[in-house]
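Single-structure report; data block below.
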Amino acid sequence: MSDLKSISIRFLKRSKVLTVSCLLSVFIATVLIIEMFNLSMNATESYKQSVKAMYGDCDAGIHYVDYRGFNDEIVDKIANLKEVSDYATLMYSSEVRIAGGPVYTVGTDNSKMVSSRYNNTKILSQNEIAINEVLAKVGNYKLGDCIEVNNVTLEVAEIFKDKTSNVDSVEMAVVCKEMLQKITKKDYNTNVIMIKSDDVRNAEYVIKRLDADITTVVFEGDELYEDMVEAFQFFVIVLSVCIALVTSLFTLSVFRNFIHKYRRDLATLRLIGGTTAQTKRIFKHMIRIILLLGIGSGFFVSYLFNTVVMNTLNNEINIITGESHFFFVSSLEIAAVIFVIIYVLMTFMIRKSGEILPIEVLRNNEASKRKKKRTKGIRILKSDLYIARKMVKVRVKDNTIMLLTIAMLVAVSIVGASFTGIVKKNGAEYYKNKYLAETIVTTSSSVTLQEAEVLYTGLREDDEIKVSAVYTTGYRAEYNGETMEYMIADMDAMIKQNILPITEFSESSMIISESFAEAHSMKVSDVIEIKTADVYKLDANGYKIGVEKEGTSCTMQIAGIMKDGELGFRDAYVDIHNKDFPQDAVWIDQIYIDGDSQYIEDKLENLRGEYSYLKWSNYSEVVRVNDKEIENRYFMIEMVVRILVIISSIGWINSLRNIFISRTKDYGILRLQGVSRMRLAKMMIYQILYYLLSGIVCGMVIGCALVEALLYSDLKRFAFDFDFSIVYEMIIIMLLFCLLLVPLLKRICNRKVVE
């Protein structure tokens with residue numbers, strides 16, 4: 001009794017099959033959990049990198065609502081805030097025109113932060129300009145060309161790639177701040193400040209206190225992508241907990257066989273003077289040995305897999321963007337947590353295993369005999385299904401762990417598959433709000449309204465498609481002394497295309513955004529007074545030289561309210577036939593096309609030869625790519641669930657095998673009472689189905705309840721959106737594993753009655 005560890009090791013060596021089963025279970029659980037954790041961490045890092053790639057090495061942009069200039073005092077105050085770790089200054093202007101069209105222009109301080117934001121790399125001198133590929137393509141510019149910019153000639157020093165998606169790209173130019181100040185004739189050269197901050201939300205609050213008119217734009221990634229990453233992380237946590245529970249249940253199920261097998265050995269130890277604590281310690285040593293070997297080897301294999309295999313696999317199926325890394329220290333901590341969880345659960349569940357007295361073994365034997373005698377009382381006249389149910393009912397308590405393992409797997413499968421489908425639907429809904437038609441087309445801001453109208457008219461004449469358009473205007477109206485940004489749209493065409501939530505629209509009607517309606521307590525059918533903008537005379541360079549037409553007061557009726565961003569981030573939308581609103585500084589913002597996606601794609605490709613500035617994006621293609629990314633990300637999770645199903649099926653088959661072997665004498669008694677071999681086989685098959693269906697039904701209830709609880713906490717409503725696809729696979733896999741029991745069932749059924 002002095003060397004309890006050696007006794008534990010002997011027990012493990014004597015039962016190689018049980019020991020290997022436990023080790024394999026803990027090993028695979030460790031690999032799966034650590035891989036899931038690293039996949040989650042890499043997804044988060046990938047998301048952060050994608051945000052950085054889009055917005056550069058800065059966290060927020062600061063400007064006034066009207067983009068007026070900052071004085072040096074405000075710049076110094078913001079730069080010296082403790083929440084701001086670095087900053088850069090730049091100038092933005094919408095008054096720059098190249099080849100007669102407005103161009104988004106930035107005046108840079110040539111800092112790395114500004115360059116990372118706008119993707120240009122060259123340090124620009126006074127007489128140089130950097131342009132993006134969109135502007136280069138529209139104007140057919142090349143490196144070294146000279147461009148006339150508001151009566152100033154600049155040399156193209158760089159053509160840089162645009163970071164935004166194809167459909168959102170605009171003509172962009174970057175010059176040094178001093179040159180932009182000279183071109184626009186302003187008395188300032190800074191109206192935007194970029195900052196880096198570890199606590200950008202707090203920095204936003206502090207900056208607002210400096211000047212209430214300052215607006216801070218926090219650079220964040222795509223809302224849908226962020227939600228996908230968060231949902232993925234959450235599910236990885238849930239799945240990891242479930243893996244730990246399933247592994248604990250499986251290991252305990254196998255470990256109970258240890259307890260049963262060595263029950264007499266432990267009783268003998270008690271008989272020669274062993275204490276309860278010592279017998280318990282033997283099992284604890286066995287658990288620790290299994291966990292240390294299983295978790296240690298699992299951690300090592302996880303490291304090898306992540307550093308050798310994962311990047312290759314990621315390149316094939318694109319699970320995450322970028323390279324996969326192994327978070328060594330964090331993974332080590334996860335391994336320690338796995339050890340603690342399984343060890344605590346195991347020691348708690350076997351807490352009574354050491355309380356074994358020699359007399360208990362005799363009692364159990366006698367009880368076993370009495371049970372066998374009672375079995376004789378089963379009436380043969382009852383159906384095979386009834387007898388099988390009675391036999392299962394007697395042993396349900398002893399096999400609760402097996403049923404819980406099946407239930408947990410089913411629950412995890414339902415949650416995983418349902419979440420994948422829900423994330424896909426959320427993605428489709430998100431893009432449906434952005435893509436109000438099958439295809440969205442944009443032109444160039446340098447294209448005149450007349451040129452764009454020729455394109456639009458040609459598209460509308462095609463009977464195979466439905467077309468409408470929204471126009472951007474350089475003017476702003478006023479409501480109650482406040483600025484109202486508006487766009488002009490072909491409302492009749494948009495109504496026919498079911499884009500607008502109205503059925504009728506007049507020239508004196510307007511659509512307003514949801515935020516504008518809430519800010520001014522407006523509702524549909526309200527009548528409001530709008531003052532249109534003044535129309536100025538402009539010289540050849542686009543500078544104002546006088547008022548050509550003064551703004552007038554118009555009575556407008558609100559025909560509908562749309563969610564922010566559905567038609568662009570503007571306050572209101574006016575019909576193109578309303579001539580009271582200035583329409584000379586207008587170009588097409590977006591063209592909405594509905595119809596067969598392939599037909600639309602072919603038509604636009606043919607038009608590109610004539611209209612080189614055309615850009616478009618297809619809703620079906622965007623949703624397909626989004627679904628593919630989600631499927632790739634959840635592919636690993638589905639594989640984990642399938643692996644768990646296989647592992648648990650092995651444990652399940654072992655448990656069923658032990659059940660049938662332990663009841664061999666009961667089946668012999670049934671044979672003595674006249675039950676045929678065929679009926680006996682049917683009874684055992686019914687028992688298998690009872691165990692399987694009980695676990696599956698219980699798991700489906702738990703899984704559905706979890707899905708609904710999680711959805712209700714987020715959506716505040718019940719969705720009843722479940723996916724049982726993996727559950728069907730589980731049933732098939734488990735039934736296939738049941739074929740391994742055929743030799744045993746055949747041997748029991750063919751056993752001679754006299755034996």
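Chain identifiers are assigned as A, B, and so on, following the order in which chains appear in the structure tokens; residues are numbered from 1 within each chain, and ligands are numbered from 1 in order of appearance.
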
Using only C-alpha atoms, which residues sit within 8 Å of stretch 430-446 of chain A once same-chain residues fewer than 2 positions away are excluded, as a tab-separated table (two decimals) with all heavy atoms, in the first residue's frame?
chain	number	residue	atom	x	y	z
A	98	ILE	N	-10.97	68.04	-62.01
A	98	ILE	CA	-10.00	67.59	-63.01
A	98	ILE	C	-10.77	67.18	-64.25
A	98	ILE	O	-11.71	66.37	-64.16
A	98	ILE	CB	-9.15	66.42	-62.49
A	98	ILE	CG1	-8.33	66.85	-61.28
A	98	ILE	CG2	-8.24	65.87	-63.58
A	98	ILE	CD1	-7.52	65.73	-60.65
A	99	ALA	N	-10.43	67.75	-65.38
A	99	ALA	CA	-11.13	67.48	-66.64
A	99	ALA	C	-12.61	67.79	-66.52
A	99	ALA	O	-13.46	67.09	-67.08
A	99	ALA	CB	-10.92	66.04	-67.08
A	100	GLY	N	-12.93	68.84	-65.77
A	100	GLY	CA	-14.31	69.29	-65.64
A	100	GLY	C	-15.14	68.58	-64.61
A	100	GLY	O	-16.26	68.98	-64.32
A	101	GLY	N	-14.62	67.51	-63.99
A	101	GLY	CA	-15.39	66.75	-63.01
A	101	GLY	C	-14.81	66.87	-61.62
A	101	GLY	O	-13.60	67.04	-61.44
A	102	PRO	N	-15.66	66.79	-60.58
A	102	PRO	CA	-15.16	66.87	-59.20
A	102	PRO	C	-14.38	65.61	-58.83
A	102	PRO	O	-14.74	64.51	-59.22
A	102	PRO	CB	-16.45	66.99	-58.37
A	102	PRO	CG	-17.50	66.34	-59.21
A	102	PRO	CD	-17.12	66.61	-60.63
A	103	VAL	N	-13.31	65.78	-58.07
A	103	VAL	CA	-12.45	64.67	-57.67
A	103	VAL	C	-12.21	64.75	-56.17
A	103	VAL	O	-11.89	65.82	-55.64
A	103	VAL	CB	-11.10	64.69	-58.42
A	103	VAL	CG1	-10.18	63.60	-57.88
A	103	VAL	CG2	-11.31	64.50	-59.91
A	138	VAL	N	-10.26	56.49	-65.91
A	138	VAL	CA	-11.27	57.40	-66.49
A	138	VAL	C	-10.61	58.43	-67.39
A	138	VAL	O	-11.07	58.73	-68.49
A	138	VAL	CB	-12.07	58.10	-65.36
A	138	VAL	CG1	-12.92	59.22	-65.93
A	138	VAL	CG2	-12.94	57.08	-64.64
A	167	VAL	N	-17.50	48.68	-56.61
A	167	VAL	CA	-18.68	49.50	-56.83
A	167	VAL	C	-18.62	50.82	-56.05
A	167	VAL	O	-19.27	51.80	-56.41
A	167	VAL	CB	-19.96	48.72	-56.45
A	167	VAL	CG1	-20.08	48.56	-54.94
A	167	VAL	CG2	-21.20	49.40	-57.03
A	168	ASP	N	-17.84	50.87	-54.97
A	168	ASP	CA	-17.75	52.07	-54.15
A	168	ASP	C	-16.58	52.97	-54.53
A	168	ASP	O	-16.39	54.02	-53.92
A	168	ASP	CB	-17.62	51.70	-52.67
A	168	ASP	CG	-18.85	50.98	-52.16
A	168	ASP	OD1	-19.94	51.32	-52.63
A	168	ASP	OD2	-18.72	50.09	-51.31
A	170	VAL	N	-14.18	55.70	-56.13
A	170	VAL	CA	-14.38	57.04	-56.70
A	170	VAL	C	-13.03	57.55	-57.18
A	170	VAL	O	-11.97	57.05	-56.80
A	170	VAL	CB	-14.96	58.02	-55.66
A	170	VAL	CG1	-16.34	57.57	-55.22
A	170	VAL	CG2	-14.03	58.16	-54.45
A	171	GLU	N	-13.06	58.58	-58.03
A	171	GLU	CA	-11.82	59.21	-58.45
A	171	GLU	C	-11.19	59.92	-57.26
A	171	GLU	O	-11.86	60.68	-56.56
A	171	GLU	CB	-12.08	60.22	-59.57
A	171	GLU	CG	-12.52	59.59	-60.88
A	171	GLU	CD	-14.01	59.49	-61.03
A	171	GLU	OE1	-14.71	59.28	-60.01
A	171	GLU	OE2	-14.51	59.63	-62.14
A	224	LEU	N	-21.06	43.35	-40.86
A	224	LEU	CA	-21.39	41.94	-41.03
A	224	LEU	C	-20.20	41.06	-40.69
A	224	LEU	O	-20.32	40.07	-39.98
A	224	LEU	CB	-21.84	41.67	-42.47
A	224	LEU	CG	-22.08	40.20	-42.82
A	224	LEU	CD1	-23.25	39.65	-42.02
A	224	LEU	CD2	-22.31	40.03	-44.30
A	426	ASN	N	-28.37	36.09	-42.12
A	426	ASN	CA	-28.08	37.46	-41.71
A	426	ASN	C	-27.23	38.18	-42.75
A	426	ASN	O	-27.43	39.36	-43.02
A	426	ASN	CB	-27.36	37.46	-40.36
A	426	ASN	CG	-28.27	37.06	-39.21
A	426	ASN	OD1	-29.49	37.06	-39.36
A	426	ASN	ND2	-27.70	36.70	-38.09
A	427	GLY	N	-26.27	37.43	-43.32
A	427	GLY	CA	-25.44	38.01	-44.36
A	427	GLY	C	-26.25	38.38	-45.59
A	427	GLY	O	-26.09	39.47	-46.16
A	428	ALA	N	-27.14	37.47	-46.00
A	428	ALA	CA	-27.98	37.75	-47.16
A	428	ALA	C	-28.89	38.95	-46.90
A	428	ALA	O	-29.10	39.80	-47.77
A	428	ALA	CB	-28.82	36.52	-47.50
A	448	THR	N	-20.42	63.90	-67.29
A	448	THR	CA	-21.49	64.90	-67.20
A	448	THR	C	-22.84	64.21	-67.11
A	448	THR	O	-22.99	63.04	-67.46
A	448	THR	CB	-21.47	65.82	-68.43
A	448	THR	OG1	-21.78	65.03	-69.59
A	448	THR	CG2	-20.10	66.47	-68.59
A	452	ALA	N	-24.19	60.69	-68.84
A	452	ALA	CA	-24.75	59.60	-68.03
A	452	ALA	C	-26.19	59.31	-68.43
A	452	ALA	O	-26.63	58.16	-68.38
A	452	ALA	CB	-24.68	59.98	-66.56
A	499	ILE	N	-38.30	49.24	-55.23
A	499	ILE	CA	-37.22	49.67	-54.35
A	499	ILE	C	-37.75	50.61	-53.28
A	499	ILE	O	-37.30	50.56	-52.13
A	499	ILE	CB	-36.10	50.36	-55.17
A	499	ILE	CG1	-35.43	49.32	-56.07
A	499	ILE	CG2	-35.07	51.02	-54.25
A	499	ILE	CD1	-34.36	49.90	-56.99
A	565	GLY	N	-28.94	54.66	-45.12
A	565	GLY	CA	-28.01	53.94	-45.96
A	565	GLY	C	-28.63	53.16	-47.10
A	565	GLY	O	-27.91	52.71	-47.98
A	566	GLU	N	-29.95	53.00	-47.10
A	566	GLU	CA	-30.57	52.19	-48.16
A	566	GLU	C	-30.42	52.85	-49.53
A	566	GLU	O	-30.28	52.17	-50.54
A	566	GLU	CB	-32.05	51.94	-47.84
A	566	GLU	CG	-32.24	50.86	-46.78
A	566	GLU	CD	-33.67	50.37	-46.72
A	566	GLU	OE1	-34.53	50.92	-47.44
A	566	GLU	OE2	-33.95	49.44	-45.95
A	587	TRP	N	-24.52	64.23	-61.02
A	587	TRP	CA	-24.04	63.07	-61.79
A	587	TRP	C	-24.66	61.81	-61.19
A	587	TRP	O	-25.09	61.80	-60.04
A	587	TRP	CB	-22.52	62.99	-61.80
A	587	TRP	CG	-21.88	62.80	-60.47
A	587	TRP	CD1	-21.52	61.64	-59.88
A	587	TRP	CD2	-21.52	63.83	-59.53
A	587	TRP	NE1	-20.97	61.85	-58.65
A	587	TRP	CE2	-20.96	63.20	-58.40
A	587	TRP	CE3	-21.63	65.24	-59.53
A	587	TRP	CZ2	-20.49	63.90	-57.30
A	587	TRP	CZ3	-21.16	65.93	-58.44
A	587	TRP	CH2	-20.60	65.27	-57.33
A	588	ILE	N	-24.72	60.76	-61.97
A	588	ILE	CA	-25.34	59.52	-61.51
A	588	ILE	C	-24.52	58.92	-60.38
A	588	ILE	O	-23.32	58.72	-60.50
A	588	ILE	CB	-25.50	58.51	-62.66
A	588	ILE	CG1	-26.66	58.93	-63.56
A	588	ILE	CG2	-25.76	57.10	-62.12
A	588	ILE	CD1	-26.97	57.96	-64.67
A	589	ASP	N	-25.21	58.61	-59.28
A	589	ASP	CA	-24.55	57.97	-58.14
A	589	ASP	C	-24.60	56.46	-58.31
A	589	ASP	O	-23.57	55.79	-58.23
A	589	ASP	CB	-25.23	58.39	-56.84
A	589	ASP	CG	-24.57	57.77	-55.62
A	589	ASP	OD1	-23.44	58.16	-55.31
A	589	ASP	OD2	-25.19	56.88	-55.00
A	590	GLN	N	-25.81	55.93	-58.53
A	590	GLN	CA	-25.96	54.49	-58.71
A	590	GLN	C	-27.11	54.21	-59.67
A	590	GLN	O	-28.13	54.90	-59.67
A	590	GLN	CB	-26.22	53.78	-57.38
A	590	GLN	CG	-25.03	53.78	-56.44
A	590	GLN	CD	-25.28	53.01	-55.16
A	590	GLN	OE1	-26.41	52.88	-54.73
A	590	GLN	NE2	-24.22	52.50	-54.56
A	591	ILE	N	-26.93	53.16	-60.46
A	591	ILE	CA	-27.99	52.65	-61.33
A	591	ILE	C	-28.37	51.27	-60.80
A	591	ILE	O	-27.50	50.42	-60.59
A	591	ILE	CB	-27.54	52.55	-62.79
A	591	ILE	CG1	-27.17	53.93	-63.34
A	591	ILE	CG2	-28.63	51.91	-63.66
A	591	ILE	CD1	-26.59	53.90	-64.74
A	592	TYR	N	-29.66	51.06	-60.57
A	592	TYR	CA	-30.16	49.78	-60.06
A	592	TYR	C	-30.74	48.98	-61.21
A	592	TYR	O	-31.63	49.47	-61.92
A	592	TYR	CB	-31.23	50.01	-58.99
A	592	TYR	CG	-30.73	50.76	-57.78
A	592	TYR	CD1	-31.01	52.12	-57.62
A	592	TYR	CD2	-29.98	50.13	-56.80
A	592	TYR	CE1	-30.56	52.82	-56.51
A	592	TYR	CE2	-29.52	50.81	-55.68
A	592	TYR	CZ	-29.82	52.16	-55.55
A	592	TYR	OH	-29.36	52.84	-54.46
A	593	ILE	N	-30.27	47.74	-61.37
A	593	ILE	CA	-30.74	46.89	-62.47
A	593	ILE	C	-31.23	45.56	-61.91
A	593	ILE	O	-30.52	44.91	-61.13
A	593	ILE	CB	-29.62	46.63	-63.50
A	593	ILE	CG1	-29.03	47.95	-63.99
A	593	ILE	CG2	-30.16	45.83	-64.67
A	593	ILE	CD1	-27.88	47.77	-64.98
A	594	ASP	N	-32.43	45.16	-62.30
A	594	ASP	CA	-32.98	43.85	-61.94
A	594	ASP	C	-33.21	43.04	-63.20
A	594	ASP	O	-33.57	43.58	-64.25
A	594	ASP	CB	-34.30	44.00	-61.19
A	594	ASP	CG	-34.08	44.22	-59.70
A	594	ASP	OD1	-33.21	43.55	-59.13
A	594	ASP	OD2	-34.77	45.09	-59.12
A	595	GLY	N	-33.01	41.73	-63.09
A	595	GLY	CA	-33.20	40.84	-64.22
A	595	GLY	C	-32.28	39.65	-64.08
A	595	GLY	O	-31.73	39.38	-63.00
A	597	SER	N	-29.10	37.73	-63.89
A	597	SER	CA	-27.77	38.23	-63.53
A	597	SER	C	-26.75	38.02	-64.65
A	597	SER	O	-25.91	38.90	-64.89
A	597	SER	CB	-27.29	37.57	-62.23
A	597	SER	OG	-27.25	36.16	-62.37
A	600	ILE	N	-27.40	40.56	-67.41
A	600	ILE	CA	-26.94	41.89	-66.99
A	600	ILE	C	-25.43	41.97	-67.09
A	600	ILE	O	-24.87	42.97	-67.58
A	600	ILE	CB	-27.41	42.19	-65.55
A	600	ILE	CG1	-28.94	42.24	-65.49
A	600	ILE	CG2	-26.82	43.50	-65.05
A	600	ILE	CD1	-29.49	42.31	-64.07
A	613	TYR	N	-15.69	53.92	-67.77
A	613	TYR	CA	-15.78	54.26	-66.35
A	613	TYR	C	-16.82	53.42	-65.61
A	613	TYR	O	-17.04	53.61	-64.41
A	613	TYR	CB	-16.13	55.75	-66.19
A	613	TYR	CG	-17.28	56.21	-67.08
A	613	TYR	CD1	-18.59	55.86	-66.80
A	613	TYR	CD2	-17.02	56.98	-68.20
A	613	TYR	CE1	-19.63	56.27	-67.61
A	613	TYR	CE2	-18.05	57.41	-69.02
A	613	TYR	CZ	-19.35	57.05	-68.73
A	613	TYR	OH	-20.38	57.46	-69.54
A	614	LEU	N	-17.49	52.49	-66.28
A	614	LEU	CA	-18.52	51.69	-65.62
A	614	LEU	C	-17.93	50.77	-64.56
A	614	LEU	O	-16.92	50.11	-64.78
A	614	LEU	CB	-19.28	50.85	-66.64
A	614	LEU	CG	-20.35	51.54	-67.49
A	614	LEU	CD1	-21.06	50.51	-68.36
A	614	LEU	CD2	-21.35	52.27	-66.63
A	615	LYS	N	-18.58	50.74	-63.41
A	615	LYS	CA	-18.23	49.81	-62.33
A	615	LYS	C	-19.53	49.22	-61.81
A	615	LYS	O	-20.54	49.92	-61.71
A	615	LYS	CB	-17.50	50.53	-61.19
A	615	LYS	CG	-16.25	51.28	-61.63
A	615	LYS	CD	-15.55	51.92	-60.45
A	615	LYS	CE	-16.33	53.08	-59.84
A	615	LYS	NZ	-16.35	54.24	-60.72
A	616	TRP	N	-19.53	47.93	-61.47
A	616	TRP	CA	-20.77	47.33	-60.97
A	616	TRP	C	-20.47	46.19	-60.01
A	616	TRP	O	-19.37	45.65	-59.97
A	616	TRP	CB	-21.65	46.84	-62.12
A	616	TRP	CG	-21.09	45.73	-62.95
A	616	TRP	CD1	-21.17	44.39	-62.71
A	616	TRP	CD2	-20.33	45.87	-64.16
A	616	TRP	NE1	-20.54	43.68	-63.70
A	616	TRP	CE2	-20.01	44.56	-64.60
A	616	TRP	CE3	-19.92	46.96	-64.92
A	616	TRP	CZ2	-19.29	44.34	-65.77
A	616	TRP	CZ3	-19.19	46.75	-66.07
A	616	TRP	CH2	-18.89	45.44	-66.48
A	617	SER	N	-21.48	45.85	-59.23
A	617	SER	CA	-21.37	44.75	-58.27
A	617	SER	C	-22.69	44.00	-58.28
A	617	SER	O	-23.77	44.62	-58.36
A	617	SER	CB	-21.07	45.30	-56.87
A	617	SER	OG	-20.91	44.25	-55.96
A	618	ASN	N	-22.59	42.66	-58.18
A	618	ASN	CA	-23.76	41.80	-58.31
A	618	ASN	C	-24.15	41.22	-56.96
A	618	ASN	O	-23.32	40.65	-56.26
A	618	ASN	CB	-23.45	40.68	-59.32
A	618	ASN	CG	-24.65	39.80	-59.59
A	618	ASN	OD1	-24.88	38.86	-58.86
A	618	ASN	ND2	-25.38	40.11	-60.64
A	619	TYR	N	-25.42	41.34	-56.61
A	619	TYR	CA	-25.92	40.86	-55.31
A	619	TYR	C	-25.72	39.35	-55.17
A	619	TYR	O	-25.21	38.87	-54.15
A	619	TYR	CB	-27.40	41.21	-55.15
A	619	TYR	CG	-28.07	40.52	-53.99
A	619	TYR	CD1	-27.83	40.92	-52.68
A	619	TYR	CD2	-28.94	39.45	-54.20
A	619	TYR	CE1	-28.43	40.28	-51.61
A	619	TYR	CE2	-29.55	38.81	-53.14
A	619	TYR	CZ	-29.29	39.23	-51.85
A	619	TYR	OH	-29.89	38.58	-50.79
A	620	SER	N	-26.10	38.59	-56.17
A	620	SER	CA	-26.00	37.13	-56.09
A	620	SER	C	-24.56	36.69	-55.89
A	620	SER	O	-24.27	35.78	-55.11
A	620	SER	CB	-26.57	36.48	-57.36
A	620	SER	OG	-27.94	36.79	-57.51
A	622	VAL	N	-22.08	38.51	-54.55
A	622	VAL	CA	-21.63	38.92	-53.21
A	622	VAL	C	-22.13	37.94	-52.16
A	622	VAL	O	-21.38	37.53	-51.27
A	622	VAL	CB	-22.14	40.35	-52.89
A	622	VAL	CG1	-21.91	40.68	-51.42
A	622	VAL	CG2	-21.41	41.37	-53.75
A	623	VAL	N	-23.40	37.53	-52.26
A	623	VAL	CA	-23.96	36.57	-51.30
A	623	VAL	C	-23.27	35.22	-51.44
A	623	VAL	O	-22.98	34.55	-50.44
A	623	VAL	CB	-25.49	36.42	-51.51
A	623	VAL	CG1	-26.04	35.28	-50.67
A	623	VAL	CG2	-26.19	37.72	-51.15

Next on the checklist: For the strand (DSSP E) assignment from backbone DSSP, which residues of stretch 25-164 of chain A qualify? Please present them as JSON, numbers by chain.
Outcome noted: {"A": [60, 61, 62, 63, 64, 86, 87, 88, 89, 90, 91, 92, 93, 97, 98, 101, 102, 104, 105, 106, 107, 108, 128, 129, 130, 131, 132, 146, 147, 148, 149, 152, 153, 154, 155, 156, 157, 158, 159, 160]}

Residues just named, written with C-alpha atoms as a PDB file, in the first residue's frame:
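Output file selection_0.pdb follows:
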ATOM      1  CA  ALA A  60     -10.174  57.657 -36.057  1.00  0.00           C
ATOM      2  CA  GLY A  61     -10.544  60.790 -38.156  1.00  0.00           C
ATOM      3  CA  ILE A  62     -11.516  64.157 -36.635  1.00  0.00           C
ATOM      4  CA  HIS A  63     -13.156  67.052 -38.478  1.00  0.00           C
ATOM      5  CA  TYR A  64     -15.887  69.673 -38.238  1.00  0.00           C
ATOM      6  CA  ASP A  86       0.112  59.498 -32.459  1.00  0.00           C
ATOM      7  CA  TYR A  87      -1.514  61.878 -34.920  1.00  0.00           C
ATOM      8  CA  ALA A  88      -1.313  63.279 -38.460  1.00  0.00           C
ATOM      9  CA  THR A  89      -2.882  66.303 -40.176  1.00  0.00           C
ATOM     10  CA  LEU A  90      -4.325  66.573 -43.645  1.00  0.00           C
ATOM     11  CA  MET A  91      -6.673  68.635 -45.757  1.00  0.00           C
ATOM     12  CA  TYR A  92      -9.739  67.406 -47.588  1.00  0.00           C
ATOM     13  CA  SER A  93     -11.521  69.279 -50.367  1.00  0.00           C
ATOM     14  CA  ARG A  97     -12.012  69.569 -60.506  1.00  0.00           C
ATOM     15  CA  ILE A  98     -10.002  67.592 -63.014  1.00  0.00           C
ATOM     16  CA  GLY A 101     -15.391  66.750 -63.009  1.00  0.00           C
ATOM     17  CA  PRO A 102     -15.163  66.869 -59.199  1.00  0.00           C
ATOM     18  CA  TYR A 104     -12.097  63.525 -54.034  1.00  0.00           C
ATOM     19  CA  THR A 105      -8.826  65.258 -53.104  1.00  0.00           C
ATOM     20  CA  VAL A 106      -6.614  64.946 -50.043  1.00  0.00           C
ATOM     21  CA  GLY A 107      -3.776  67.219 -48.998  1.00  0.00           C
ATOM     22  CA  THR A 108      -1.191  65.098 -47.199  1.00  0.00           C
ATOM     23  CA  GLU A 128       3.415  66.370 -57.905  1.00  0.00           C
ATOM     24  CA  ILE A 129       0.098  64.508 -57.635  1.00  0.00           C
ATOM     25  CA  ALA A 130      -0.806  60.891 -56.847  1.00  0.00           C
ATOM     26  CA  ILE A 131      -4.020  59.501 -58.349  1.00  0.00           C
ATOM     27  CA  ASN A 132      -5.881  56.228 -57.834  1.00  0.00           C
ATOM     28  CA  CYS A 146       0.766  66.389 -66.564  1.00  0.00           C
ATOM     29  CA  ILE A 147      -2.712  67.099 -65.198  1.00  0.00           C
ATOM     30  CA  GLU A 148      -4.473  70.445 -65.086  1.00  0.00           C
ATOM     31  CA  VAL A 149      -5.904  70.867 -61.580  1.00  0.00           C
ATOM     32  CA  VAL A 152      -2.398  74.446 -61.820  1.00  0.00           C
ATOM     33  CA  THR A 153      -0.325  71.859 -63.709  1.00  0.00           C
ATOM     34  CA  LEU A 154       0.874  68.867 -61.674  1.00  0.00           C
ATOM     35  CA  GLU A 155       2.859  65.780 -62.659  1.00  0.00           C
ATOM     36  CA  VAL A 156       1.503  62.281 -61.954  1.00  0.00           C
ATOM     37  CA  ALA A 157       4.071  60.823 -59.557  1.00  0.00           C
ATOM     38  CA  GLU A 158       2.131  57.714 -58.492  1.00  0.00           C
ATOM     39  CA  ILE A 159      -0.930  55.658 -59.435  1.00  0.00           C
ATOM     40  CA  PHE A 160      -2.123  53.743 -56.375  1.00  0.00           C
TER      41      PHE A 160
END

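Residue nearest A:Thr503 within the list A:Ala79, A:Ile34, A:Ser324, A:Gly560: A:Gly560 [criterion: smallest interatomic distance, only C-alpha atoms].
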
Checklist entry - Which residues come within 9 Å of stretch 680-685 of chain A, counting only C-alpha atoms, excluding same-chain residues fewer than 6 positions away, as a ChimeraX atom specification? => result /A:384-389,660,667,670-671,745-746,748-749

Residues from the last selection, C-alpha atoms, saved as an mmCIF file, in the first residue's frame:
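Contents of the output file result36.cif:
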data_model
loop_
_atom_site.group_PDB
_atom_site.id
_atom_site.type_symbol
_atom_site.label_atom_id
_atom_site.label_comp_id
_atom_site.auth_asym_id
_atom_site.auth_seq_id
_atom_site.Cartn_x
_atom_site.Cartn_y
_atom_site.Cartn_z
ATOM 1 C CA ASP A 384 -40.606 -8.179 -28.022
ATOM 2 C CA LEU A 385 -40.733 -4.356 -27.916
ATOM 3 C CA TYR A 386 -42.255 -4.442 -24.430
ATOM 4 C CA ILE A 387 -39.609 -6.833 -23.091
ATOM 5 C CA ALA A 388 -36.806 -4.757 -24.658
ATOM 6 C CA ARG A 389 -38.205 -1.577 -23.071
ATOM 7 C CA PHE A 660 -25.195 -7.168 -23.623
ATOM 8 C CA TYR A 667 -30.954 -13.790 -22.476
ATOM 9 C CA LEU A 670 -35.450 -15.962 -22.076
ATOM 10 C CA ARG A 671 -34.288 -18.707 -24.413
ATOM 11 C CA LEU A 745 -25.329 -10.451 -30.959
ATOM 12 C CA LYS A 746 -24.944 -13.451 -33.218
ATOM 13 C CA ILE A 748 -25.339 -14.558 -27.842
ATOM 14 C CA CYS A 749 -28.309 -15.638 -29.975
#

Item to check | Residue contacts of A:Glu507 (7 Å, only C-alpha atoms) excluding same-chain residues fewer than 2 positions away, as a ChimeraX atom specification | outcome: /A:505,509,575,577-578

Item to check | Nearest to A:Tyr67, chosen from A:Thr190, A:Ala43, A:Leu12, A:Ser21, with only C-alpha atoms counted in the distances | outcome: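 Between A:Thr190, A:Ala43, A:Leu12, A:Ser21, the residue approaching A:Tyr67 most closely is A:Thr190.
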
Item to check | Atom pair atom CA of A:Ile214 / atom CA of A:Gly69: separation (Å) | outcome: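 Computing it gives 11.0 Å between the two atoms.
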